[in-house]
file target_13.txt (compact mmCIF, C-alpha atoms)
# COMPACT_ATOMS: atom_id res chain seq x y z
CA VAL A 7 -20.14 -39.98 38.54
CA ASP A 8 -16.55 -41.15 38.31
CA ASP A 9 -16.07 -41.31 34.54
CA GLU A 10 -12.75 -43.14 34.93
CA GLY A 11 -14.59 -46.27 35.99
CA ILE A 12 -17.22 -46.35 33.25
CA THR A 13 -17.40 -49.71 31.45
CA GLU A 14 -19.93 -51.33 29.16
CA ASP A 15 -21.57 -52.94 32.22
CA THR A 16 -21.81 -49.68 34.22
CA ALA A 17 -22.62 -47.26 31.34
CA PHE A 18 -26.39 -47.63 31.78
CA GLY A 19 -27.72 -44.68 33.77
CA THR A 20 -24.57 -42.57 33.26
CA PRO A 21 -25.32 -38.96 32.20
CA LEU A 22 -24.87 -38.49 28.46
CA PRO A 23 -22.29 -35.61 28.67
CA VAL A 24 -20.08 -37.76 30.92
CA LEU A 25 -20.46 -40.73 28.62
CA LEU A 26 -19.60 -38.69 25.54
CA ARG A 27 -16.59 -37.14 27.24
CA HIS A 28 -15.28 -40.50 28.33
CA LYS A 29 -15.96 -42.49 25.17
CA MET A 30 -16.14 -40.01 22.29
CA SER A 31 -14.03 -36.87 22.92
CA GLU A 32 -10.71 -38.45 21.97
CA ILE A 33 -12.22 -39.98 18.84
CA VAL A 34 -13.80 -36.67 17.78
CA GLN A 35 -10.59 -34.74 18.41
CA ARG A 36 -8.56 -37.23 16.43
CA GLN A 37 -11.01 -37.14 13.52
CA CYS A 38 -11.15 -33.32 13.56
CA LEU A 39 -7.35 -33.20 13.40
CA SER A 40 -7.33 -35.65 10.50
CA ILE A 41 -10.00 -33.70 8.62
CA GLY A 42 -8.15 -30.41 9.26
CA ARG A 43 -4.85 -31.84 7.99
CA PHE A 44 -6.57 -33.27 4.94
CA THR A 45 -8.25 -29.92 4.22
CA MET A 46 -4.91 -28.09 4.41
CA SER A 47 -3.33 -30.67 2.13
CA VAL A 48 -6.07 -30.05 -0.42
CA PHE A 49 -5.70 -26.26 -0.07
CA PHE A 50 -1.93 -26.19 -0.52
CA ASP A 51 -1.09 -29.22 -2.65
CA HIS A 52 -4.13 -29.50 -4.92
CA LEU A 53 -5.85 -26.09 -5.06
CA ALA A 54 -2.60 -24.02 -5.10
CA PHE A 55 -3.50 -21.71 -2.21
CA GLU A 56 0.00 -20.20 -2.19
CA ALA A 57 -0.11 -19.34 -5.90
CA HIS A 58 -3.49 -17.64 -5.55
CA PHE A 59 -2.45 -15.75 -2.41
CA ASN A 60 0.73 -14.60 -4.16
CA ALA A 61 -1.52 -13.29 -6.93
CA VAL A 62 -3.50 -11.33 -4.33
CA VAL A 63 -0.29 -9.75 -3.05
CA ARG A 64 1.04 -9.19 -6.55
CA PHE A 65 -2.00 -7.46 -8.03
CA THR A 66 -3.73 -5.83 -5.05
CA LEU A 67 -0.78 -4.83 -2.85
CA GLY A 68 1.70 -3.59 -5.42
CA GLY A 69 3.89 -6.65 -5.70
CA GLU A 70 3.68 -6.06 -9.45
CA SER A 71 4.87 -2.46 -9.25
CA ALA A 72 4.39 -1.83 -12.98
CA PHE A 73 0.74 -2.86 -12.66
CA PHE A 74 0.14 -0.44 -9.77
CA ASP A 75 1.88 2.29 -11.73
CA GLY A 76 -0.38 1.43 -14.67
CA ILE A 77 -3.50 1.80 -12.50
CA VAL A 78 -2.47 5.31 -11.47
CA ARG A 79 -1.52 6.20 -15.04
CA SER A 80 -4.88 4.95 -16.31
CA LEU A 81 -6.71 6.97 -13.66
CA GLU A 82 -4.79 10.07 -14.70
CA ARG A 83 -5.75 9.48 -18.32
CA ALA A 84 -9.37 9.03 -17.30
CA CYS A 85 -9.27 12.47 -15.67
CA ALA A 86 -8.39 13.99 -19.04
CA ASP A 87 -11.40 12.31 -20.68
CA THR A 88 -14.05 14.99 -21.06
CA ARG A 89 -16.82 12.40 -21.30
CA ALA A 90 -15.74 10.85 -17.99
CA ARG A 91 -15.82 14.26 -16.34
CA ILE A 92 -19.37 14.86 -17.56
CA ILE A 93 -21.13 11.55 -16.95
CA ARG A 94 -19.07 10.37 -13.97
CA SER A 95 -19.65 6.74 -15.06
CA SER A 96 -17.54 5.06 -12.40
CA GLN A 97 -18.28 1.52 -13.62
CA HIS A 98 -17.13 2.36 -17.13
CA ILE A 99 -14.04 4.07 -15.75
CA ALA A 100 -13.23 1.17 -13.42
CA ARG A 101 -13.40 -1.35 -16.25
CA GLY A 102 -11.30 0.86 -18.52
CA VAL A 103 -8.68 1.51 -15.83
CA LEU A 104 -8.15 -2.21 -15.24
CA GLU A 105 -7.99 -3.06 -18.93
CA ASP A 106 -5.54 -0.23 -19.67
CA ALA A 107 -3.31 -1.11 -16.72
CA LEU A 108 -3.09 -4.77 -17.77
CA GLN A 109 -2.47 -3.78 -21.38
CA ASP A 110 0.31 -1.34 -20.44
CA VAL A 111 2.29 -3.96 -18.53
CA GLY A 112 1.55 -6.82 -20.93
CA LEU A 113 -0.46 -8.91 -18.47
CA ASN A 114 -3.79 -8.94 -20.29
CA GLU A 115 -3.18 -12.56 -21.35
CA HIS A 116 -2.03 -13.76 -17.92
CA PRO A 117 -4.34 -16.60 -16.78
CA LEU A 118 -4.68 -15.33 -13.22
CA CYS A 119 -5.67 -11.86 -14.41
CA GLU A 120 -9.07 -13.24 -15.38
CA ARG A 121 -9.88 -13.16 -11.67
CA LEU A 122 -9.12 -9.44 -11.36
CA SER A 123 -11.87 -6.86 -11.15
CA MET A 124 -12.18 -3.19 -10.30
CA ARG A 125 -15.06 -2.03 -8.14
CA GLU A 126 -16.24 1.33 -6.90
CA ASN A 127 -15.68 2.10 -3.23
CA GLU A 128 -18.40 3.44 -1.00
CA TYR A 129 -16.60 6.74 -0.82
CA ASP A 130 -18.10 10.14 -1.54
CA GLY A 131 -14.82 11.94 -2.08
CA MET A 132 -13.87 10.39 -5.42
CA THR A 133 -12.24 13.02 -7.60
CA PHE A 134 -11.43 13.41 -11.27
CA ASP A 135 -8.47 15.69 -10.55
CA ALA A 136 -5.27 13.94 -11.65
CA PHE A 137 -3.26 15.79 -9.01
CA ASN A 138 -5.55 15.14 -6.05
CA LEU A 139 -4.46 12.46 -3.57
CA ASN A 140 -8.05 11.18 -3.41
CA LEU A 141 -7.83 10.05 -7.03
CA CYS A 142 -7.01 6.49 -5.91
CA ASN A 143 -9.66 6.33 -3.18
CA GLY A 144 -12.70 5.70 -5.35
CA LEU A 145 -11.76 2.31 -6.86
CA THR A 146 -10.46 -0.97 -5.48
CA CYS A 147 -8.73 -3.73 -7.44
CA GLU A 148 -9.84 -7.16 -6.25
CA TYR A 149 -8.69 -10.72 -6.91
CA ALA A 150 -11.48 -13.32 -6.75
CA LEU A 151 -10.14 -16.35 -4.87
CA PRO A 152 -11.90 -19.55 -5.99
CA TRP A 153 -14.04 -21.51 -3.58
CA PRO A 154 -13.11 -22.95 -1.11
CA LEU A 155 -9.87 -20.93 -0.90
CA ASN A 156 -11.86 -17.76 -0.27
CA LEU A 157 -12.93 -19.25 3.08
CA ALA A 158 -9.50 -18.26 4.40
CA PHE A 159 -10.71 -14.63 4.46
CA VAL A 160 -14.16 -15.30 5.95
CA GLY A 161 -14.66 -13.64 9.34
CA MET A 162 -11.57 -11.47 9.12
CA ASN A 163 -11.62 -8.18 11.02
CA GLU A 164 -12.88 -5.50 8.61
CA LYS A 165 -10.31 -2.95 9.72
CA TYR A 166 -7.55 -5.19 8.35
CA ALA A 167 -9.20 -5.46 4.91
CA LEU A 168 -6.57 -5.26 2.18
CA SER A 169 -8.60 -2.59 0.35
CA HIS A 170 -7.56 -0.01 2.98
CA SER A 171 -3.89 -0.87 2.55
CA GLN A 172 -4.27 -0.83 -1.23
CA VAL A 173 -5.41 2.80 -1.17
CA ALA A 174 -2.40 3.80 0.93
CA LEU A 175 0.00 2.01 -1.43
CA LEU A 176 -1.61 3.55 -4.53
CA GLN A 177 -1.30 7.01 -2.98
CA ILE A 178 2.44 6.48 -2.60
CA CYS A 179 2.71 5.39 -6.24
CA HIS A 180 0.68 8.45 -7.26
CA GLY A 181 3.05 10.81 -5.46
CA ALA A 182 6.09 8.99 -6.85
CA ARG A 183 4.83 9.41 -10.42
CA ALA A 184 4.38 13.15 -9.91
CA VAL A 185 7.92 13.61 -8.56
CA ARG A 186 9.42 11.51 -11.37
CA ALA A 187 7.62 13.70 -13.91
CA CYS A 188 9.03 16.83 -12.24
CA SER A 189 12.54 15.40 -12.34
CA ALA A 190 12.20 14.45 -16.01
CA LEU A 191 10.99 17.95 -16.92
CA LEU A 192 13.93 19.50 -15.06
CA HIS A 193 16.40 17.32 -16.94
CA ALA A 194 14.78 18.33 -20.21
CA SER A 195 14.94 22.00 -19.19
CA SER A 196 18.66 21.75 -18.56
CA ARG A 197 19.10 20.94 -22.26
CA SER A 198 16.53 23.39 -23.59
CA ASN A 199 17.03 26.59 -25.55
CA ALA A 200 16.20 28.56 -22.40
CA LEU A 201 19.87 28.19 -21.44
CA ARG A 202 21.10 29.05 -24.92
CA ASN A 203 20.89 32.06 -27.23
CA THR A 204 20.20 34.53 -24.43
CA THR A 205 21.98 37.28 -22.54
CA GLN A 206 24.42 36.49 -19.77
CA THR A 207 22.07 38.00 -17.20
CA ASN A 208 19.21 35.76 -18.23
CA LEU A 209 21.54 32.79 -18.39
CA ASP A 210 22.72 33.35 -14.81
CA LEU A 211 19.17 33.80 -13.58
CA ARG A 212 17.87 30.67 -15.27
CA SER A 213 20.86 28.59 -14.21
CA ARG A 214 20.26 29.64 -10.60
CA ARG A 215 16.60 28.68 -10.93
CA LEU A 216 17.60 25.32 -12.37
CA ARG A 217 19.92 24.59 -9.44
CA LYS A 218 17.35 25.59 -6.84
CA LEU A 219 14.53 23.66 -8.51
CA SER A 220 16.80 20.62 -8.78
CA LEU A 221 17.53 20.75 -5.05
CA LEU A 222 13.83 21.25 -4.35
CA VAL A 223 12.79 18.23 -6.42
CA THR A 224 15.60 16.16 -4.90
CA GLU A 225 14.18 16.83 -1.45
CA PHE A 226 10.77 15.63 -2.56
CA GLN A 227 12.39 12.59 -4.17
CA HIS A 228 14.16 11.73 -0.91
CA PHE A 229 10.85 11.79 0.95
CA ILE A 230 9.18 9.58 -1.68
CA ASP A 231 12.09 7.14 -1.74
CA ALA A 232 12.09 6.85 2.06
CA LEU A 233 8.32 6.34 2.18
CA TYR A 234 8.18 3.93 -0.75
CA GLY A 235 11.15 1.91 0.47
CA HIS A 236 9.95 1.65 4.07
CA VAL A 237 6.32 0.77 3.33
CA PHE A 238 6.82 -1.59 0.40
CA GLU A 239 9.70 -3.37 2.14
CA ALA A 240 7.54 -3.86 5.23
CA VAL A 241 4.65 -5.19 3.14
CA HIS A 242 6.51 -7.44 0.73
CA LEU A 243 9.55 -8.45 2.78
CA GLY A 244 8.53 -8.16 6.45
CA ALA A 245 4.91 -9.29 6.25
CA GLY A 246 5.74 -11.60 3.34
CA ARG A 247 8.44 -13.36 5.36
CA PHE A 248 5.99 -13.77 8.23
CA LEU A 249 3.45 -15.38 5.91
CA ASN A 250 5.97 -17.75 4.34
CA THR A 251 7.30 -19.00 7.67
CA HIS A 252 3.82 -19.53 9.09
CA VAL A 253 2.35 -21.55 6.23
CA ARG A 254 5.33 -23.90 5.68
CA ASP A 255 8.23 -24.86 7.93
CA ALA A 256 11.89 -25.18 6.88
CA GLN A 257 11.28 -28.70 5.58
CA GLY A 258 8.34 -27.56 3.43
CA ASN A 259 5.66 -29.09 5.62
CA ILE A 260 2.31 -27.32 5.97
CA VAL A 261 2.13 -25.51 9.31
CA PRO A 262 -1.60 -24.68 9.75
CA ARG A 263 -3.48 -27.63 11.20
CA ASP A 264 -6.87 -26.60 9.90
CA LEU A 265 -8.83 -23.81 8.27
CA TYR A 266 -9.08 -21.88 11.54
CA ASP A 267 -5.29 -21.84 11.89
CA LEU A 268 -4.98 -20.64 8.28
CA ARG A 269 -7.49 -17.86 8.90
CA ALA A 270 -5.49 -16.74 11.93
CA VAL A 271 -2.28 -16.60 9.87
CA VAL A 272 -3.99 -14.63 7.07
CA GLU A 273 -5.46 -12.13 9.54
CA ARG A 274 -2.12 -11.64 11.27
CA TYR A 275 -0.53 -11.06 7.85
CA CYS A 276 -3.19 -8.47 6.95
CA ALA A 277 -2.66 -6.80 10.34
CA ARG A 278 1.06 -6.47 9.59
CA VAL A 279 0.29 -4.92 6.20
CA HIS A 280 -2.18 -2.59 7.95
CA GLU A 281 0.58 -1.54 10.36
CA ALA A 282 3.16 -1.06 7.59
CA CYS A 283 0.83 1.40 5.84
CA PHE A 284 0.48 3.52 9.04
CA LEU A 285 -3.22 2.68 9.38
CA ARG A 286 -3.22 1.89 13.09
CA HIS A 287 -4.75 4.34 15.53
CA VAL A 288 -1.35 5.10 17.07
CA ASP A 289 -0.10 6.29 13.66
CA THR A 290 -3.09 8.51 12.82
CA ALA A 291 -1.18 11.78 13.18
CA LEU A 292 1.80 10.46 11.22
CA LYS A 293 -0.48 9.18 8.44
CA ALA A 294 -2.05 12.63 8.12
CA LEU A 295 1.40 14.22 7.76
CA VAL A 296 2.43 11.64 5.17
CA GLU A 297 -0.71 12.34 3.13
CA ASP A 298 -0.06 16.08 3.33
CA GLY A 299 3.48 15.48 2.05
CA LEU A 300 2.18 13.40 -0.86
CA GLN A 301 -0.39 16.07 -1.71
CA LEU A 302 2.35 18.72 -1.80
CA ALA A 303 4.31 16.48 -4.17
CA LEU A 304 1.20 16.33 -6.38
CA ASP A 305 0.80 20.11 -6.14
CA LEU A 306 4.35 20.47 -7.41
CA GLY A 307 3.57 18.00 -10.18
CA ALA A 308 0.51 20.03 -11.19
CA LEU A 309 2.61 23.18 -11.30
CA PHE A 310 5.29 21.57 -13.47
CA SER A 311 2.79 19.84 -15.77
CA ALA A 312 1.45 23.22 -16.92
CA ARG A 313 4.94 24.15 -18.20
CA THR A 314 7.23 22.82 -20.88
CA ALA A 315 10.97 22.31 -20.92
CA GLU A 316 11.31 25.62 -22.78
CA THR A 317 9.17 27.68 -20.39
CA LEU A 318 9.90 26.19 -16.96
CA LEU A 319 13.04 28.25 -16.32
CA THR A 320 11.65 31.44 -17.84
CA ASP A 321 8.42 31.47 -15.83
CA GLY A 322 9.02 33.64 -12.78
CA PRO A 323 5.59 33.15 -11.14
CA ALA A 324 5.91 29.37 -11.50
CA TYR A 325 9.31 29.49 -9.83
CA ALA A 326 7.88 31.54 -6.95
CA SER A 327 4.98 29.08 -6.57
CA ALA A 328 7.44 26.19 -6.45
CA GLN A 329 9.34 27.94 -3.68
CA GLN A 330 6.12 28.39 -1.70
CA ILE A 331 5.26 24.70 -2.06
CA HIS A 332 8.76 23.79 -0.93
CA ALA A 333 8.52 26.04 2.13
CA LYS A 334 5.32 24.24 3.18
CA PHE A 335 6.98 20.90 2.53
CA ARG A 336 10.05 21.78 4.62
CA ALA A 337 7.87 22.81 7.59
CA LEU A 338 5.80 19.65 7.19
CA MET A 339 8.88 17.40 7.15
CA THR A 340 10.18 19.08 10.29
CA GLN A 341 6.91 18.30 12.07
CA LEU A 342 6.94 14.75 10.72
CA CYS A 343 10.49 14.09 11.92
CA PHE A 344 9.71 15.52 15.34
CA ARG A 345 7.18 12.73 15.84
CA VAL A 346 10.05 10.29 16.40
CA ARG A 347 10.35 11.85 19.87
CA VAL A 348 6.70 11.41 20.78
CA THR A 349 5.52 8.25 19.03
CA SER A 350 5.47 4.73 20.41
CA SER A 351 5.14 3.11 16.97
CA GLU A 352 8.19 1.17 15.80
CA ALA A 353 6.98 1.37 12.20
CA ALA A 354 6.82 5.16 12.43
CA VAL A 355 10.28 5.40 13.99
CA GLY A 356 11.83 3.32 11.22
CA PHE A 357 10.31 5.51 8.51
CA ILE A 358 11.19 8.81 10.20
CA GLU A 359 14.79 7.71 10.65
CA ARG A 360 14.99 7.19 6.91
CA VAL A 361 13.62 10.66 6.21
CA ASP A 362 15.85 12.40 8.77
CA PHE A 363 18.77 9.96 8.72
CA ASN A 364 21.36 12.77 9.04
CA SER A 365 19.22 15.09 11.24
CA PHE A 366 18.75 17.38 8.26
CA TYR A 367 15.35 18.61 9.40
CA LEU A 368 15.84 18.64 13.17
CA SER A 369 19.50 19.68 13.51
CA ASN A 370 18.68 23.39 13.95
CA THR A 371 15.16 23.07 15.32
CA THR A 372 13.96 23.20 18.90
CA GLU A 373 10.62 22.06 20.27
CA GLN A 374 9.58 25.71 20.70
CA ASP A 375 9.95 26.22 16.95
CA LEU A 376 7.36 23.55 16.15
CA GLU A 377 3.65 24.27 16.01
CA PHE A 378 1.07 21.51 15.81

call {"tool": "encode", "arguments": {"input": "target_13.txt", "output": "structure tokens"}}
result
Amino acid sequence: VDDEGITEDTAFGTPLPVLLRHKMSEIVQRQCLSIGRFTMSVFFDHLAFEAHFNAVVRFTLGGESAFFDGIVRSLERACADTRARIIRSSQHIARGVLEDALQDVGLNEHPLCERLSMRENEYDGMTFDAFNLNLCNGLTCEYALPWPLNLAFVGMNEKYALSHSQVALLQICHGARAVRACSALLHASSRSNALRNTTQTNLDLRSRRLRKLSLLVTEFQHFIDALYGHVFEAVHLGAGRFLNTHVRDAQGNIVPRDLYDLRAVVERYCARVHEACFLRHVDTALKALVEDGLQLALDLGALFSARTAETLLTDGPAYASAQQIHAKFRALMTQLCFRVRVTSSEAAVGFIERVDFNSFYLSNTTEQDLEF
């Protein structure tokens, strides 16, 4: 049937699909477009989708850095709670961690924080060791988007779930806290009595230890700074810029035409965050090396935490242990930086160039020296 010639007089006997296509498709498409535009107007202009999504980024992806730091600090305090060690009440711990973190940063009265919750992950490796990298794996901080805004996340690929990225970001904050504590203890040691009221021989020995430990901690700090800067910049500047430009144009007009377009933008944003945290398959080996580096930073933190400013420079076995940890870290960084020659990931290359920006690790190393 030639549907171009269908009129009211000739419509009788015309197959229904042809009739619908000829008479109704344009009307349906136009109405769908109108409904989609109206829905997006309600989402953005009346239900404050952008404000709620910014809260998701702020509280679950480390946009509020003090809050993330408070979560790790609260988890560390929970590890020291004997009762928590005995009963392993994860629900009680999760609720306490969230409340303490909000209290520490003064956000407990923030209206959007009422939508925050902490839930237990389906993960068997949860630990109560404050210096274990898995400390942050057992709990997930979530922001409850109100209906119908939560429909923007319906049907999203599970591998891009923000909970996976949150764990990676918390691990970085955990390692950063440990290195900061080491640096603070070293500064306190430099003003302690260990460098006063002693013989010249002891003074020379302890001063040499102080210099070497300072260089050692500085190397860890450089790794943490490079990792923190690269990942958090990619999440909050790179992926954030992508999100902003794809939900509103330069004139402030809403870009998504309907809910399906908005879902596509949200999933692409989550995929970029996933990539920034080295969670793609192509970055599996690099991610493992990064986690090993963070664990060594925590090992150093555990070693320093058992000492005081007065005993750090006088403890020979502790100094030897710190040297051993640093030797492992140096070998690990050399392997990590070598990956720039074999990886196809742009995200990995950018991070490695920060770590080895002056070829410090690879300048005197050949491929034969590296063992994988």

call {"tool": "atom_distance", "arguments": {"input": "target_13.txt", "atom1": "CA of Pro117 in chain A", "atom2": "CA of Ser71 in chain A"}}
result
18.5 Å

call {"tool": "closest_residue", "arguments": {"input": "target_13.txt", "among": "A:Asp321, A:Glu105, A:Asp110, A:Asp289", "to": "Ala72 in chain A", "atoms": "all atoms listed in the file"}}
result
A:Asp110

call {"tool": "residues_around", "arguments": {"input": "target_13.txt", "residues": "Phe363 in chain A", "least_positions_apart": "3", "cutoff": "12 Å", "atoms": "all atoms listed in the file", "output": "PyMOL selection string"}}
result
chain A and resi 228-229+232+343+346+355-360+366-369

call {"tool": "closest_atom_pairs", "arguments": {"input": "target_13.txt", "of": "range 274-316 of chain A", "to": "range 137-151 of chain A", "cutoff": "12 Å", "atoms": "only C-alpha atoms", "output": "JSON lines"}}
result
{"residue": "A:Ala294", "atom": "CA", "partner": "A:Leu139", "partner_atom": "CA", "distance": 11.9}
{"residue": "A:Val296", "atom": "CA", "partner": "A:Leu139", "partner_atom": "CA", "distance": 11.2}
{"residue": "A:Glu297", "atom": "CA", "partner": "A:Leu139", "partner_atom": "CA", "distance": 7.7}
{"residue": "A:Asp298", "atom": "CA", "partner": "A:Leu139", "partner_atom": "CA", "distance": 8.9}
{"residue": "A:Gly299", "atom": "CA", "partner": "A:Leu139", "partner_atom": "CA", "distance": 10.2}
{"residue": "A:Leu300", "atom": "CA", "partner": "A:Leu139", "partner_atom": "CA", "distance": 7.2}
{"residue": "A:Gln301", "atom": "CA", "partner": "A:Leu139", "partner_atom": "CA", "distance": 5.7}
{"residue": "A:Leu302", "atom": "CA", "partner": "A:Leu139", "partner_atom": "CA", "distance": 9.4}
{"residue": "A:Ala303", "atom": "CA", "partner": "A:Phe137", "partner_atom": "CA", "distance": 9.0}
{"residue": "A:Leu304", "atom": "CA", "partner": "A:Phe137", "partner_atom": "CA", "distance": 5.2}
{"residue": "A:Asp305", "atom": "CA", "partner": "A:Phe137", "partner_atom": "CA", "distance": 6.6}
{"residue": "A:Leu306", "atom": "CA", "partner": "A:Phe137", "partner_atom": "CA", "distance": 9.1}
{"residue": "A:Gly307", "atom": "CA", "partner": "A:Phe137", "partner_atom": "CA", "distance": 7.3}
{"residue": "A:Ala308", "atom": "CA", "partner": "A:Phe137", "partner_atom": "CA", "distance": 6.1}
{"residue": "A:Leu309", "atom": "CA", "partner": "A:Phe137", "partner_atom": "CA", "distance": 9.7}
{"residue": "A:Phe310", "atom": "CA", "partner": "A:Phe137", "partner_atom": "CA", "distance": 11.2}
{"residue": "A:Ser311", "atom": "CA", "partner": "A:Phe137", "partner_atom": "CA", "distance": 9.9}
{"residue": "A:Ala312", "atom": "CA", "partner": "A:Phe137", "partner_atom": "CA", "distance": 11.8}

call {"tool": "closest_residue", "arguments": {"input": "target_13.txt", "among": "A:Phe55, A:His180, A:Val160, A:Pro23", "to": "Ser80 in chain A", "atoms": "all atoms listed in the file"}}
result
A:His180

call {"tool": "atom_distance", "arguments": {"input": "target_13.txt", "atom1": "CA of Gly161 in chain A", "atom2": "CA of Arg269 in chain A"}}
result
8.3 Å

call {"tool": "residues_around", "arguments": {"input": "target_13.txt", "residues": "range 191-197 of chain A", "least_positions_apart": "4", "cutoff": "9 Å", "atoms": "all atoms listed in the file", "output": "list in words"}}
result
Arg186, Ala187, Leu201, Arg202, Ser213, Leu216, Leu219, Ser220, Val223, Phe310, Ser311, Arg313, Thr314, Ala315, Glu316, Thr317, Leu318 and Leu319 of chain A

call {"tool": "write_last_selection", "arguments": {"input": "target_13.txt", "atoms": "C-alpha atoms", "output": "short mmCIF file (atom, residue, chain, number, x, y, z; two decimals), keeping the file's coordinate frame"}}
result
data_model
loop_
_atom_site.label_atom_id
_atom_site.label_comp_id
_atom_site.auth_asym_id
_atom_site.auth_seq_id
_atom_site.Cartn_x
_atom_site.Cartn_y
_atom_site.Cartn_z
CA ARG A 186 9.42 11.51 -11.37
CA ALA A 187 7.62 13.70 -13.91
CA LEU A 201 19.87 28.19 -21.44
CA ARG A 202 21.10 29.05 -24.92
CA SER A 213 20.86 28.59 -14.21
CA LEU A 216 17.60 25.32 -12.37
CA LEU A 219 14.53 23.66 -8.51
CA SER A 220 16.80 20.62 -8.78
CA VAL A 223 12.79 18.23 -6.42
CA PHE A 310 5.29 21.57 -13.47
CA SER A 311 2.79 19.84 -15.77
CA ARG A 313 4.94 24.15 -18.20
CA THR A 314 7.23 22.82 -20.88
CA ALA A 315 10.97 22.31 -20.92
CA GLU A 316 11.31 25.62 -22.78
CA THR A 317 9.17 27.68 -20.39
CA LEU A 318 9.90 26.19 -16.96
CA LEU A 319 13.04 28.25 -16.32
#

call {"tool": "closest_residue", "arguments": {"input": "target_13.txt", "among": "A:Ala240, A:Ile230, A:Cys283, A:Cys179", "to": "Met339 in chain A", "atoms": "all atoms listed in the file"}}
result
A:Ile230

call {"tool": "residues_around", "arguments": {"input": "target_13.txt", "residues": "range 259-267 of chain A", "least_positions_apart": "2", "cutoff": "12 Å", "atoms": "all atoms listed in the file", "output": "PyMOL selection string"}}
result
chain A and resi 37-51+55-56+154-162+249-257+269-274

call {"tool": "closest_residue", "arguments": {"input": "target_13.txt", "among": "A:Val361, A:Ala291, A:Leu175, A:Cys188", "to": "Leu221 in chain A", "atoms": "only C-alpha atoms"}}
result
A:Cys188

call {"tool": "atom_distance", "arguments": {"input": "target_13.txt", "atom1": "CA of Arg64 in chain A", "atom2": "CA of Gln177 in chain A"}}
result
16.8 Å

call {"tool": "closest_residue", "arguments": {"input": "target_13.txt", "among": "A:Arg83, A:Phe226, A:Leu113, A:Val237", "to": "Ala184 in chain A", "atoms": "only C-alpha atoms"}}
result
A:Phe226

call {"tool": "closest_residue", "arguments": {"input": "target_13.txt", "among": "A:Val279, A:Leu209, A:Leu26, A:Leu176", "to": "Thr320 in chain A", "atoms": "only C-alpha atoms"}}
result
A:Leu209
